[in-house]
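Working notes for the structure below.
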Amino acid sequence: MIKLFRAMSIILLTLIAQPLFGQQTNFGSIKGRIVDKDHKQAIEGALIILSNSQISTQSDSLGNFEIIPVPTGSHSIEIKAIGYENQISNDINVLVNKSSYREISLQETIKTIKGIEVKAFQYENNRVTPVSSYSFSREEIALNPGSQGDIFRAIGMLPGVSSSGGIYSAIAVRGQGVRDNVYMVDDIPLTEVGHLEGNSFFNDPNGGRFSIFAPRVIDNAQFQGGGFGPEYGRRSASYLGLGIKEGNKENSIIDGQVDLLGITINYDGPTKILKKTNIFLSARYQNFYGLVNLIGLKDIGLPIYGDVILKTTTELNAKNKLSFLAIVSPESYVRDIDNVYADKKLNLLYLPNFKRNKIVVGLNLRTLTSQKSYWKNVLYFTSYTSDVKVGKAYPDADSVANLNKPIIPYDESIQTQKYAETKLGYRSLFNLVMNQNQKLATGIEMDLQQLSNERTLQSNDTNFIFRTADLMNPNVKYQPIYPQFVDANFNKPNINFSSFINYSLLLGKKISLNTGLRYDYTGFADQHVISPRLSGSYYINEKNSFNFGYGLYFQDPVYSDIADQPSSNKLKMEEVSQYILGYRRYFTSDLKLTVEAWYKNFDNMVVTPINGTVLKNNKGTGWGKGLDINLTKRLVKKFHGQIGYSYIDIKRNDHDGIGAYDFAFSQPHQFNCMLSYKTNKHWVFSMKYRYATGKPKDNYIIHRDVLNNNSYVRYSKELVGRNELRLPDFTSLDLRANYNFKFKTATMTIFFDIVNVFNKQIANSENFNAITGQNFYDGLAIFPTGGMKFEF
C-alpha cells in the first residue's frame with residue numbers, strides 16, 4: 001500500500017506543478033447539464049441563475065449550459081424549468097481559469113396551489129422517499145466539526161442516529177446496530193465500510209473508527225432513517241446511498257489535505273487519452289504514530305490505514321454512460337508489550353496484530369431506453385480479508401496495578417484467525433415514467449458469495465466476566481475458555497437472489513403513494529421471504545405535508561456470525577416491521593422542519609445463548625418506539641446547521657430466562673446541535689454539541705481472589721442483570737475553524753478541528769480489569785487535529 005501510494009503521489013504532484021505557475025485571473029466558469037430525475041432525459045430551456053447576481057443562462061437542446069465569467073469562490077445556482085420543481089445546487093467551487101461541472105436532476109412538480117414556486121435541494125423532496133430522508137453536499141460534509149470530512153460522522157448528527165463517541169464513525173439508527181444498515185456506493189451494495197473496528201475480533205457493537213472514504217471523495221449522500229422502498233433489502237435499519245465524485249469533464253482539478261494523521265490527494269478531470277472519459281482518483285495514507293504520542297495515548301498501539309479510489313465515467317454515446325469504480329482499503333493494527341508497559345493501569349492485556357483489506361470493483365452501465373425510461377446494469381466484485389493474531393500479557397501486579405515484578409511475561413499468540421468474504425454480484429434496475437402521475441421501478445439482484453473462517457485458540461484462556469447460568473462449573477467464579485467454544489473451520493459458497501417492484505402513484509393533487517414488494521432468497525439459510533412496502537404523502541400545500549411509511553424488512557445475519565457456526569446450525573434471516581408517521585414543513589427552500597414518530601417490531605433476532613462463545617440462535621424478539629424532531633438549514637450563502645431531538649426506546653428479549661431488557665442502542669434522549677458560519681471570505685467557524693443518555697450496561701457483582709491464590713489475586717465480574725444500569729451520559733462539544741486564502745492559482749484552507757473540547761472521557765462501552773477489580777471505559781477524551789487543504 002505504501003509503495004502504491006508513493007507512486008501515485010509522484011504522478012499527482014507532477015500534475016500539481018503545472019497549474020501553479022500559470023496565468024492568474026479572478027474568474028472561472030460553471031458548466032453542466034440539466035436532466036429529468038426520473039428518466040434522465042435532457043431538459044431544454046431550463047433557466048440557470050447564479051445566486052446573488054444578475055447572471056443567468058438557459059440549457060440547450062442537449063440540456064447543456066455554461067455560465068461565464070464567474071468570480072472565483074464558492075457559489076450556488078438555482079435552476080427553473082416549466083413543470084419542474086425549482087432546484088438549488090450549492091457547493092460549486094470555481095477556480096481560476098477553470099470550469100466546474102455539474103449534472104443536475106430536476107423533479108416534476110406536484111401541483112397543489114397555482115402560482116406558488118416549489119424549491120428543493122438536489123436529492124430532496126422526492127415523493128418516492130417521503131419519510132426519514134436527508135441529503136448532504138460535499139461542502140456540508142467537509143465543514144462538519146469533529147468529522148474530519150467523514151460522511152458517517154456527519155450523519156451522526158441526524159435525528160435517530162446514535163452516537164458512539166468521537167472516535168467512531170459507524171452509525172446506529174433508531175435503536176438498531178451498526179451492521180443493520182444498507183450501504184450503496186454507486187449502486188454497489190457494501191457491508192464493510194469502516195476502518196479499525198473497536199477490538200481485534202469481529203462485531204464490535206460500536207463499529208469502525210473511520211470510514212473508507214477520504215475527505216471530499218463523496219459528492220452526494222442520501223440518507224433514509226427508515227421506511228425505505230423495496231429497491232433495497234437484506235438490511236433493516238436505514239439506507240445510505242453514496243455517490244463517488246465524477247471527474248470534471250472540462251479541465252483538471254487537484255485537491256488534497258495534509259493533517260496530523262497523514263495525507264490525502266485527489267485528481268479530478270478528463271483522461272486526455274480516452275475520448276469522452278473523465279477520471280476521479282483519490283489516494284490517502286493515515287498513520288497514528290505522531291498523534292498518539294502527541295496526546296499521550298501510547299498504550300493504544302499503532303493503527304495505520306489507507307485508501308485508493310478510482311472512478312472513470314465514459315459517455316459511450318447519447319444513450320449509454322459507463323462508470324468504472326475500484327476501491328482498495330488496507331489497514332493494520334499492532335499493539336505490543338511496550339504498549340502494555342505504557343498502560344499504567346494495566347487495563348488492556350491483549351496484544352492484537354492484524355492486517356485487513358477491502359476491495360471493491362464495479363461496472364455501472366446506464367442506458368436511456370426511451371424518452372421516459374432508463375435501465376441500469378451493475379456488475380461488481382467485493383472482497384474483505386482479515387488476518388488476525390492475538391497475544392496476551394500476564395503481569396504480576398497488586399490490586400492497584402503496581403508491578404510486583406518489573407518484567408511482564410507474555411504470549412505473542414494465543415489465538416489466530418483468517419477470515420474472508422468475497423462476493424461476485426449483478427444488479428439490473430429499470431425505471432419507467434408511465435405518465436406524470438405514475439412511475440414504475442423494478443429490478444433483480446443476484447450474487448455468488450464465499451465465506452471462509454479459520455480460527456484457532458492455541459491455549460486456554462479465561463473470561464473474568466460471566467453469568468452464573470453460563471458456567472460449566474458452578475463452583476468457580478470465572479469462565480474458562482476452551483478451543484471447542486472458539487475454534488471455527490468454515491469454507492462455503494452460496495447463492496443469493498432478489499427481485500423487487502415499486503409502483504408510485506399521484507392521486508389528484510394532494511396524495512402520493514408508493515407500493516412495493518421485494519423477494520429475497522438467502523442461500524446460507526436456504527430461506528425465501530417476501531417483504532411488502534408502502535409509503536406516501538398528503539400535501540397540505542407546497543410547504544406542508546404529512547408522510548407515512550410501512551415496511552417488512554428481512555435481514556441477513558452478520559456474515560462473520562454465519563461463518564462461526566457449526567454446519568448443523570443455520571441462522572435464519574432477522575425480521576423487522578416498521579411503522580412511521582411524520583410531518584414536514586419547508587419554511588424556506590433551505591430551512592426544513594421534520595417530525596416523525598416510529599414503531600418497530602423485532603422477530604427471529606440473532607442472539608448469543610452462552611456468554612463468551614460464538615454459538616448463536618434466532619430466539620430473540622423485541623419492539624421499539626421513538627420520536628425524531630429536526631430543524632435543518634441547508635448551506636446556500638454563509639450559514640447552515642441543524643438542531644435535533646430524538647427519543648428512542650428499544651426492548652429485546654433473548655428468551656434465555658432473563659426476560660426483556662434495554663437493547664444496547666436504546667438511548668431515550670438525544671440532542672444534537674450543529675452550526676457553521678462564514679464570517680467573511682477567509683474565515684468559517686463551526687461548532688457541534690451532542691448529548692445522549694448513557695448506553696445500557698449490565699448490573700453486576702465483583703468477586704475477589706477468584707483463583708484462590710493470595711500471591712496472584714484476580715477479580716471477576718458476575719453479571720446479575722441484563723442492561724439494568726447505564727453508562728454515564730454522553731456529551732461532546734466539537735469545534736472547527738477554517739481559514740481560506742489563495743496562493744497563485746490555488747485555493748488553500750488551513751483548518752483546526754477539536755473533538756470533545758470538554759476533555760470528558762466518552763463512555764462507549766464498559767470493560768473490566770481483573771487485576772484491579774475496576775471497570776473502565778472504551779472511549780476517548782479530547783482529540784485534536786489540524787492541517788491544510790488545497791485545490792487548484
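To be explicit about the labels: the chains of the C-alpha cells are called A, B, and onward in the order shown, and within each one the residues are counted from 1, while ligands get numbers from 1 in the order they are shown.
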Shell around Lys37 in chain A at 8 Å using only C-alpha atoms, local window under 5 positions removed, as a compact mmCIF listing (two decimals) with all heavy atoms, in the first residue's frame:
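Writing done, so here's result-v2.txt:
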# COMPACT_ATOMS: atom_id res chain seq x y z
N SER A 105 -30.29 17.02 -11.61
CA SER A 105 -31.56 16.36 -11.90
C SER A 105 -32.71 17.18 -11.34
O SER A 105 -32.68 17.62 -10.19
CB SER A 105 -31.58 14.96 -11.29
OG SER A 105 -30.53 14.16 -11.79
N LEU A 106 -33.76 17.39 -12.16
CA LEU A 106 -34.96 18.09 -11.73
C LEU A 106 -36.11 17.11 -11.60
O LEU A 106 -36.23 16.16 -12.38
CB LEU A 106 -35.34 19.18 -12.72
CG LEU A 106 -34.31 20.29 -13.00
CD1 LEU A 106 -34.94 21.37 -13.88
CD2 LEU A 106 -33.79 20.89 -11.71
N GLN A 107 -36.96 17.37 -10.62
CA GLN A 107 -38.13 16.53 -10.39
C GLN A 107 -39.39 17.27 -10.80
O GLN A 107 -39.54 18.46 -10.53
CB GLN A 107 -38.22 16.13 -8.92
CG GLN A 107 -39.43 15.26 -8.60
CD GLN A 107 -39.35 14.69 -7.21
OE1 GLN A 107 -38.52 13.83 -6.92
NE2 GLN A 107 -40.21 15.16 -6.33
Residues near range 501-509 of chain A, cut-off 8 Å, only C-alpha atoms, skip fewer than 4 positions along chain, as a list in words: Ile110, Lys111, Thr112, Val128, Gly229, Pro230, Glu231, Asn437, Gln438, Lys439, Leu440, Ala441, Thr442, Gly443, Leu513, Asn514, Thr515, Gly516, Leu517, Arg518 and Tyr539 of chain A
Range 447-510 of chain A: residues DSSP assigns to strand (DSSP E or B), reported as a ChimeraX atom specification: /A:447-457,461-463,465-466,479-481,488-507
Residues at most 8 Å from range 292-307 of chain A, counting only C-alpha atoms, excluding those fewer than 4 positions away in the same chain, as a JSON list (two decimals) with all heavy atoms, in the first residue's frame?
[["chain", "number", "residue", "atom", "x", "y", "z"],
["A", 1, "MET", "N", 0.83, -1.20, 0.00],
["A", 1, "MET", "CA", 0.00, 0.00, 0.00],
["A", 1, "MET", "C", 0.87, 1.26, 0.00],
["A", 1, "MET", "O", 0.60, 2.23, -0.72],
["A", 1, "MET", "CB", -0.89, -0.02, 1.25],
["A", 1, "MET", "CG", -1.67, 1.26, 1.47],
["A", 1, "MET", "SD", -2.84, 1.55, 0.13],
["A", 1, "MET", "CE", -3.21, 3.28, 0.40],
["A", 195, "HIS", "N", -12.84, 1.45, 8.84],
["A", 195, "HIS", "CA", -11.50, 1.03, 9.26],
["A", 195, "HIS", "C", -11.46, 0.89, 10.78],
["A", 195, "HIS", "O", -12.12, 1.65, 11.51],
["A", 195, "HIS", "CB", -10.46, 2.08, 8.87],
["A", 195, "HIS", "CG", -10.08, 2.07, 7.44],
["A", 195, "HIS", "ND1", -9.44, 1.01, 6.84],
["A", 195, "HIS", "CD2", -10.22, 3.02, 6.46],
["A", 195, "HIS", "CE1", -9.21, 1.30, 5.56],
["A", 195, "HIS", "NE2", -9.67, 2.49, 5.32],
["A", 196, "LEU", "N", -10.66, -0.07, 11.26],
["A", 196, "LEU", "CA", -10.28, -0.17, 12.66],
["A", 196, "LEU", "C", -11.48, -0.38, 13.57],
["A", 196, "LEU", "O", -11.89, 0.51, 14.32],
["A", 196, "LEU", "CB", -9.50, 1.08, 13.11],
["A", 196, "LEU", "CG", -8.27, 1.44, 12.25],
["A", 196, "LEU", "CD1", -7.70, 2.77, 12.66],
["A", 196, "LEU", "CD2", -7.22, 0.35, 12.34],
["A", 212, "ILE", "N", -14.02, 4.30, 4.92],
["A", 212, "ILE", "CA", -13.03, 4.08, 3.86],
["A", 212, "ILE", "C", -13.05, 5.21, 2.82],
["A", 212, "ILE", "O", -12.33, 5.12, 1.83],
["A", 212, "ILE", "CB", -13.26, 2.72, 3.16],
["A", 212, "ILE", "CG1", -14.63, 2.67, 2.48],
["A", 212, "ILE", "CG2", -13.11, 1.58, 4.15],
["A", 212, "ILE", "CD1", -14.87, 1.41, 1.67],
["A", 213, "PHE", "N", -13.85, 6.24, 3.07],
["A", 213, "PHE", "CA", -13.97, 7.33, 2.10],
["A", 213, "PHE", "C", -13.26, 8.57, 2.63],
["A", 213, "PHE", "O", -13.65, 9.15, 3.64],
["A", 213, "PHE", "CB", -15.45, 7.63, 1.83],
["A", 213, "PHE", "CG", -16.23, 6.42, 1.40],
["A", 213, "PHE", "CD1", -17.11, 5.80, 2.27],
["A", 213, "PHE", "CD2", -16.02, 5.88, 0.15],
["A", 213, "PHE", "CE1", -17.80, 4.67, 1.88],
["A", 213, "PHE", "CE2", -16.72, 4.73, -0.25],
["A", 213, "PHE", "CZ", -17.61, 4.14, 0.62],
["A", 214, "ALA", "N", -12.20, 8.96, 1.95],
["A", 214, "ALA", "CA", -11.40, 10.12, 2.34],
["A", 214, "ALA", "C", -12.22, 11.40, 2.20],
["A", 214, "ALA", "O", -13.24, 11.43, 1.52],
["A", 214, "ALA", "CB", -10.14, 10.19, 1.48],
["A", 282, "SER", "N", -8.30, 9.14, -6.01],
["A", 282, "SER", "CA", -8.02, 9.58, -4.65],
["A", 282, "SER", "C", -7.07, 8.60, -3.98],
["A", 282, "SER", "O", -7.23, 7.38, -4.10],
["A", 282, "SER", "CB", -9.32, 9.68, -3.84],
["A", 282, "SER", "OG", -9.06, 9.98, -2.48],
["A", 283, "ALA", "N", -6.07, 9.13, -3.26],
["A", 283, "ALA", "CA", -5.14, 8.30, -2.50],
["A", 283, "ALA", "C", -4.97, 8.90, -1.11],
["A", 283, "ALA", "O", -4.76, 10.10, -0.96],
["A", 283, "ALA", "CB", -3.78, 8.21, -3.20],
["A", 284, "ARG", "N", -5.10, 8.06, -0.09],
["A", 284, "ARG", "CA", -4.99, 8.52, 1.29],
["A", 284, "ARG", "C", -4.11, 7.57, 2.09],
["A", 284, "ARG", "O", -4.20, 6.35, 1.94],
["A", 284, "ARG", "CB", -6.37, 8.61, 1.94],
["A", 284, "ARG", "CG", -6.31, 8.91, 3.43],
["A", 284, "ARG", "CD", -7.67, 9.23, 4.03],
["A", 284, "ARG", "NE", -8.58, 8.08, 4.03],
["A", 284, "ARG", "CZ", -9.72, 8.04, 4.73],
["A", 284, "ARG", "NH1", -10.07, 9.09, 5.47],
["A", 284, "ARG", "NH2", -10.50, 6.98, 4.68],
["A", 285, "TYR", "N", -3.26, 8.12, 2.95],
["A", 285, "TYR", "CA", -2.43, 7.34, 3.86],
["A", 285, "TYR", "C", -2.50, 7.98, 5.24],
["A", 285, "TYR", "O", -2.26, 9.19, 5.39],
["A", 285, "TYR", "CB", -0.98, 7.28, 3.38],
["A", 285, "TYR", "CG", -0.04, 6.59, 4.35],
["A", 285, "TYR", "CD1", -0.07, 5.21, 4.49],
["A", 285, "TYR", "CD2", 0.86, 7.33, 5.12],
["A", 285, "TYR", "CE1", 0.79, 4.57, 5.38],
["A", 285, "TYR", "CE2", 1.71, 6.70, 6.01],
["A", 285, "TYR", "CZ", 1.68, 5.32, 6.14],
["A", 285, "TYR", "OH", 2.51, 4.69, 7.03],
["A", 286, "GLN", "N", -2.86, 7.18, 6.26],
["A", 286, "GLN", "CA", -3.02, 7.68, 7.63],
["A", 286, "GLN", "C", -2.21, 6.82, 8.59],
["A", 286, "GLN", "O", -2.38, 5.59, 8.63],
["A", 286, "GLN", "CB", -4.48, 7.68, 8.04],
["A", 286, "GLN", "CG", -5.41, 8.43, 7.08],
["A", 286, "GLN", "CD", -5.43, 9.92, 7.32],
["A", 286, "GLN", "OE1", -6.23, 10.44, 8.07],
["A", 286, "GLN", "NE2", -4.53, 10.63, 6.65],
["A", 287, "ASN", "N", -1.36, 7.47, 9.39],
["A", 287, "ASN", "CA", -0.51, 6.80, 10.37],
["A", 287, "ASN", "C", -0.64, 7.54, 11.70],
["A", 287, "ASN", "O", -0.41, 8.74, 11.77],
["A", 287, "ASN", "CB", 0.94, 6.79, 9.89],
["A", 287, "ASN", "CG", 1.85, 5.95, 10.77],
["A", 287, "ASN", "OD1", 1.80, 6.02, 12.00],
["A", 287, "ASN", "ND2", 2.69, 5.14, 10.14],
["A", 288, "PHE", "N", -1.00, 6.82, 12.76],
["A", 288, "PHE", "CA", -1.34, 7.45, 14.04],
["A", 288, "PHE", "C", -0.14, 7.64, 14.96],
["A", 288, "PHE", "O", -0.30, 8.08, 16.10],
["A", 288, "PHE", "CB", -2.39, 6.61, 14.77],
["A", 288, "PHE", "CG", -3.77, 6.74, 14.21],
["A", 288, "PHE", "CD1", -4.08, 6.24, 12.96],
["A", 288, "PHE", "CD2", -4.76, 7.36, 14.93],
["A", 288, "PHE", "CE1", -5.34, 6.35, 12.43],
["A", 288, "PHE", "CE2", -6.04, 7.48, 14.42],
["A", 288, "PHE", "CZ", -6.33, 6.98, 13.17],
["A", 327, "ILE", "N", -11.95, 0.34, -5.49],
["A", 327, "ILE", "CA", -11.56, 0.79, -4.16],
["A", 327, "ILE", "C", -10.66, -0.27, -3.54],
["A", 327, "ILE", "O", -10.99, -1.46, -3.55],
["A", 327, "ILE", "CB", -12.79, 1.02, -3.25],
["A", 327, "ILE", "CG1", -13.76, 2.03, -3.87],
["A", 327, "ILE", "CG2", -12.37, 1.47, -1.86],
["A", 327, "ILE", "CD1", -15.04, 2.19, -3.08],
["A", 328, "VAL", "N", -9.54, 0.16, -2.99],
["A", 328, "VAL", "CA", -8.64, -0.72, -2.23],
["A", 328, "VAL", "C", -8.37, -0.03, -0.90],
["A", 328, "VAL", "O", -7.91, 1.12, -0.87],
["A", 328, "VAL", "CB", -7.32, -0.98, -2.97],
["A", 328, "VAL", "CG1", -6.43, -1.90, -2.15],
["A", 328, "VAL", "CG2", -7.59, -1.59, -4.34],
["A", 329, "SER", "N", -8.67, -0.73, 0.22],
["A", 329, "SER", "CA", -8.59, -0.10, 1.55],
["A", 329, "SER", "C", -7.91, -1.03, 2.54],
["A", 329, "SER", "O", -8.57, -1.75, 3.31],
["A", 329, "SER", "CB", -9.99, 0.27, 2.04],
["A", 329, "SER", "OG", -10.61, 1.20, 1.18],
["A", 330, "PRO", "N", -6.56, -1.04, 2.58],
["A", 330, "PRO", "CA", -5.85, -1.87, 3.55],
["A", 330, "PRO", "C", -5.72, -1.16, 4.90],
["A", 330, "PRO", "O", -5.83, 0.07, 4.99],
["A", 330, "PRO", "CB", -4.48, -2.06, 2.89],
["A", 330, "PRO", "CG", -4.29, -0.80, 2.11],
["A", 330, "PRO", "CD", -5.65, -0.37, 1.64],
["A", 331, "GLU", "N", -5.50, -1.94, 5.93],
["A", 331, "GLU", "CA", -5.26, -1.39, 7.26],
["A", 331, "GLU", "C", -4.46, -2.39, 8.08],
["A", 331, "GLU", "O", -4.43, -3.58, 7.79],
["A", 331, "GLU", "CB", -6.57, -1.09, 7.98],
["A", 331, "GLU", "CG", -7.40, -2.34, 8.28],
["A", 331, "GLU", "CD", -8.72, -2.01, 8.96],
["A", 331, "GLU", "OE1", -9.62, -1.49, 8.29],
["A", 331, "GLU", "OE2", -8.83, -2.30, 10.16],
["A", 332, "SER", "N", -3.80, -1.88, 9.11],
["A", 332, "SER", "CA", -3.09, -2.74, 10.04],
["A", 332, "SER", "C", -3.16, -2.12, 11.43],
["A", 332, "SER", "O", -3.35, -0.91, 11.58],
["A", 332, "SER", "CB", -1.62, -2.92, 9.63],
["A", 332, "SER", "OG", -0.91, -1.70, 9.75],
["A", 333, "TYR", "N", -3.03, -2.99, 12.43],
["A", 333, "TYR", "CA", -3.03, -2.51, 13.81],
["A", 333, "TYR", "C", -2.16, -3.45, 14.62],
["A", 333, "TYR", "O", -2.32, -4.68, 14.57],
["A", 333, "TYR", "CB", -4.45, -2.48, 14.36],
["A", 333, "TYR", "CG", -4.52, -2.14, 15.84],
["A", 333, "TYR", "CD1", -4.06, -0.92, 16.31],
["A", 333, "TYR", "CD2", -5.05, -3.04, 16.76],
["A", 333, "TYR", "CE1", -4.12, -0.62, 17.65],
["A", 333, "TYR", "CE2", -5.11, -2.75, 18.10],
["A", 333, "TYR", "CZ", -4.64, -1.53, 18.55],
["A", 333, "TYR", "OH", -4.70, -1.22, 19.88],
["A", 334, "VAL", "N", -1.23, -2.86, 15.37],
["A", 334, "VAL", "CA", -0.31, -3.64, 16.20],
["A", 334, "VAL", "C", -0.29, -3.04, 17.60],
["A", 334, "VAL", "O", -0.12, -1.82, 17.76],
["A", 334, "VAL", "CB", 1.11, -3.66, 15.63],
["A", 334, "VAL", "CG1", 2.05, -4.42, 16.56],
["A", 334, "VAL", "CG2", 1.13, -4.29, 14.24],
["A", 335, "ARG", "N", -0.49, -3.90, 18.59],
["A", 335, "ARG", "CA", -0.31, -3.49, 19.99],
["A", 335, "ARG", "C", 0.61, -4.52, 20.63],
["A", 335, "ARG", "O", 0.27, -5.70, 20.75],
["A", 335, "ARG", "CB", -1.65, -3.44, 20.72],
["A", 335, "ARG", "CG", -1.54, -2.88, 22.14],
["A", 335, "ARG", "CD", -2.90, -2.68, 22.79],
["A", 335, "ARG", "NE", -2.76, -1.97, 24.04],
["A", 335, "ARG", "CZ", -2.57, -2.54, 25.22],
["A", 335, "ARG", "NH1", -2.48, -3.88, 25.30],
["A", 335, "ARG", "NH2", -2.45, -1.82, 26.31],
["A", 336, "ASP", "N", 1.81, -4.07, 21.04],
["A", 336, "ASP", "CA", 2.80, -4.99, 21.56],
["A", 336, "ASP", "C", 3.03, -4.78, 23.05],
["A", 336, "ASP", "O", 2.35, -3.98, 23.70],
["A", 336, "ASP", "CB", 4.10, -4.88, 20.76],
["A", 336, "ASP", "CG", 4.69, -3.47, 20.79],
["A", 336, "ASP", "OD1", 4.39, -2.70, 21.74],
["A", 336, "ASP", "OD2", 5.43, -3.12, 19.87],
["A", 338, "ASP", "N", 5.30, -3.25, 24.65],
["A", 338, "ASP", "CA", 5.66, -1.88, 25.05],
["A", 338, "ASP", "C", 4.41, -1.04, 25.31],
["A", 338, "ASP", "O", 4.42, -0.16, 26.18],
["A", 338, "ASP", "CB", 6.50, -1.21, 23.95],
["A", 338, "ASP", "CG", 7.88, -1.81, 23.83],
["A", 338, "ASP", "OD1", 8.37, -2.38, 24.83],
["A", 338, "ASP", "OD2", 8.48, -1.73, 22.73],
["A", 339, "ASN", "N", 3.34, -1.31, 24.57],
["A", 339, "ASN", "CA", 2.09, -0.60, 24.81],
["A", 339, "ASN", "C", 1.46, -1.01, 26.13],
["A", 339, "ASN", "O", 0.78, -0.21, 26.78],
["A", 339, "ASN", "CB", 1.11, -0.84, 23.66],
["A", 339, "ASN", "CG", 1.68, -0.41, 22.33],
["A", 339, "ASN", "OD1", 1.82, -1.22, 21.41],
["A", 339, "ASN", "ND2", 2.03, 0.86, 22.19],
["A", 340, "VAL", "N", 1.66, -2.27, 26.55],
["A", 340, "VAL", "CA", 1.17, -2.71, 27.86],
["A", 340, "VAL", "C", 1.91, -1.99, 28.97],
["A", 340, "VAL", "O", 1.31, -1.52, 29.95],
["A", 340, "VAL", "CB", 1.30, -4.23, 28.00],
["A", 340, "VAL", "CG1", 0.86, -4.69, 29.40],
["A", 340, "VAL", "CG2", 0.49, -4.94, 26.94],
["A", 341, "TYR", "N", 3.23, -1.85, 28.83],
["A", 341, "TYR", "CA", 4.00, -1.10, 29.83],
["A", 341, "TYR", "C", 3.53, 0.35, 29.91],
["A", 341, "TYR", "O", 3.54, 0.96, 30.98],
["A", 341, "TYR", "CB", 5.49, -1.13, 29.48],
["A", 341, "TYR", "CG", 6.20, -2.41, 29.85],
["A", 341, "TYR", "CD1", 6.65, -3.29, 28.87],
["A", 341, "TYR", "CD2", 6.42, -2.75, 31.17],
["A", 341, "TYR", "CE1", 7.31, -4.48, 29.19],
["A", 341, "TYR", "CE2", 7.08, -3.93, 31.52],
["A", 341, "TYR", "CZ", 7.51, -4.79, 30.53],
["A", 341, "TYR", "OH", 8.16, -5.95, 30.87],
["A", 342, "ALA", "N", 3.12, 0.92, 28.78],
["A", 342, "ALA", "CA", 2.65, 2.30, 28.78],
["A", 342, "ALA", "C", 1.28, 2.46, 29.42],
["A", 342, "ALA", "O", 0.89, 3.58, 29.77],
["A", 342, "ALA", "CB", 2.61, 2.83, 27.34],
["A", 343, "ASP", "N", 0.56, 1.37, 29.58],
["A", 343, "ASP", "CA", -0.76, 1.39, 30.21],
["A", 343, "ASP", "C", -0.58, 1.24, 31.72],
["A", 343, "ASP", "O", -0.51, 0.14, 32.25],
["A", 343, "ASP", "CB", -1.61, 0.25, 29.64],
["A", 343, "ASP", "CG", -3.02, 0.23, 30.20],
["A", 343, "ASP", "OD1", -3.37, 1.15, 30.99],
["A", 343, "ASP", "OD2", -3.79, -0.68, 29.86],
["A", 783, "PHE", "N", -9.54, 15.09, 21.37],
["A", 783, "PHE", "CA", -8.89, 14.54, 20.17],
["A", 783, "PHE", "C", -8.69, 15.69, 19.19],
["A", 783, "PHE", "O", -9.58, 16.00, 18.40],
["A", 783, "PHE", "CB", -9.77, 13.45, 19.56],
["A", 783, "PHE", "CG", -9.14, 12.72, 18.41],
["A", 783, "PHE", "CD1", -8.29, 11.66, 18.62],
["A", 783, "PHE", "CD2", -9.40, 13.10, 17.10],
["A", 783, "PHE", "CE1", -7.73, 10.97, 17.55],
["A", 783, "PHE", "CE2", -8.84, 12.42, 16.03],
["A", 783, "PHE", "CZ", -8.01, 11.35, 16.26]]
Residues within 12 Å of Asp705 in chain A, only C-alpha atoms, excluding chain neighbours under 2 positions, as number ranges by chain: A: 398-399, 464, 476-478, 702-703, 707-717, 770-773
Residue neighbourhood range 583-599 of chain A, 8 Å, only C-alpha atoms, exclusion window fewer than 6 positions, as an MDAnalysis selection string: chainID A and resid 118:121 132 543:547 623:636
From A:Leu261, A:Ile30, A:Ile610, A:Leu310, residue lying nearest Gly247 in chain A [only C-alpha atoms]: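 When distances to Gly247 in chain A are compared using only C-alpha atoms, the smallest one comes from A:Leu310.
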Pick from A:Thr468, A:Thr749, A:His528, A:Leu240 nearest to Leu719 in chain A, counting only C-alpha atoms: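 That would be A:Thr468, the residue with the smallest distance to Leu719 in chain A.
For the residues A:Asn738, A:Ser252, A:Asn402, A:Asn377, ranking by smallest atom-to-atom distance to Asp268 in chain A using only C-alpha atoms places A:Ser252 first.
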Of the listed residues A:Ser577, A:Lys249, A:Asn90, A:Met184, that which approaches Arg33 in chain A most closely, counting only C-alpha atoms: A:Lys249
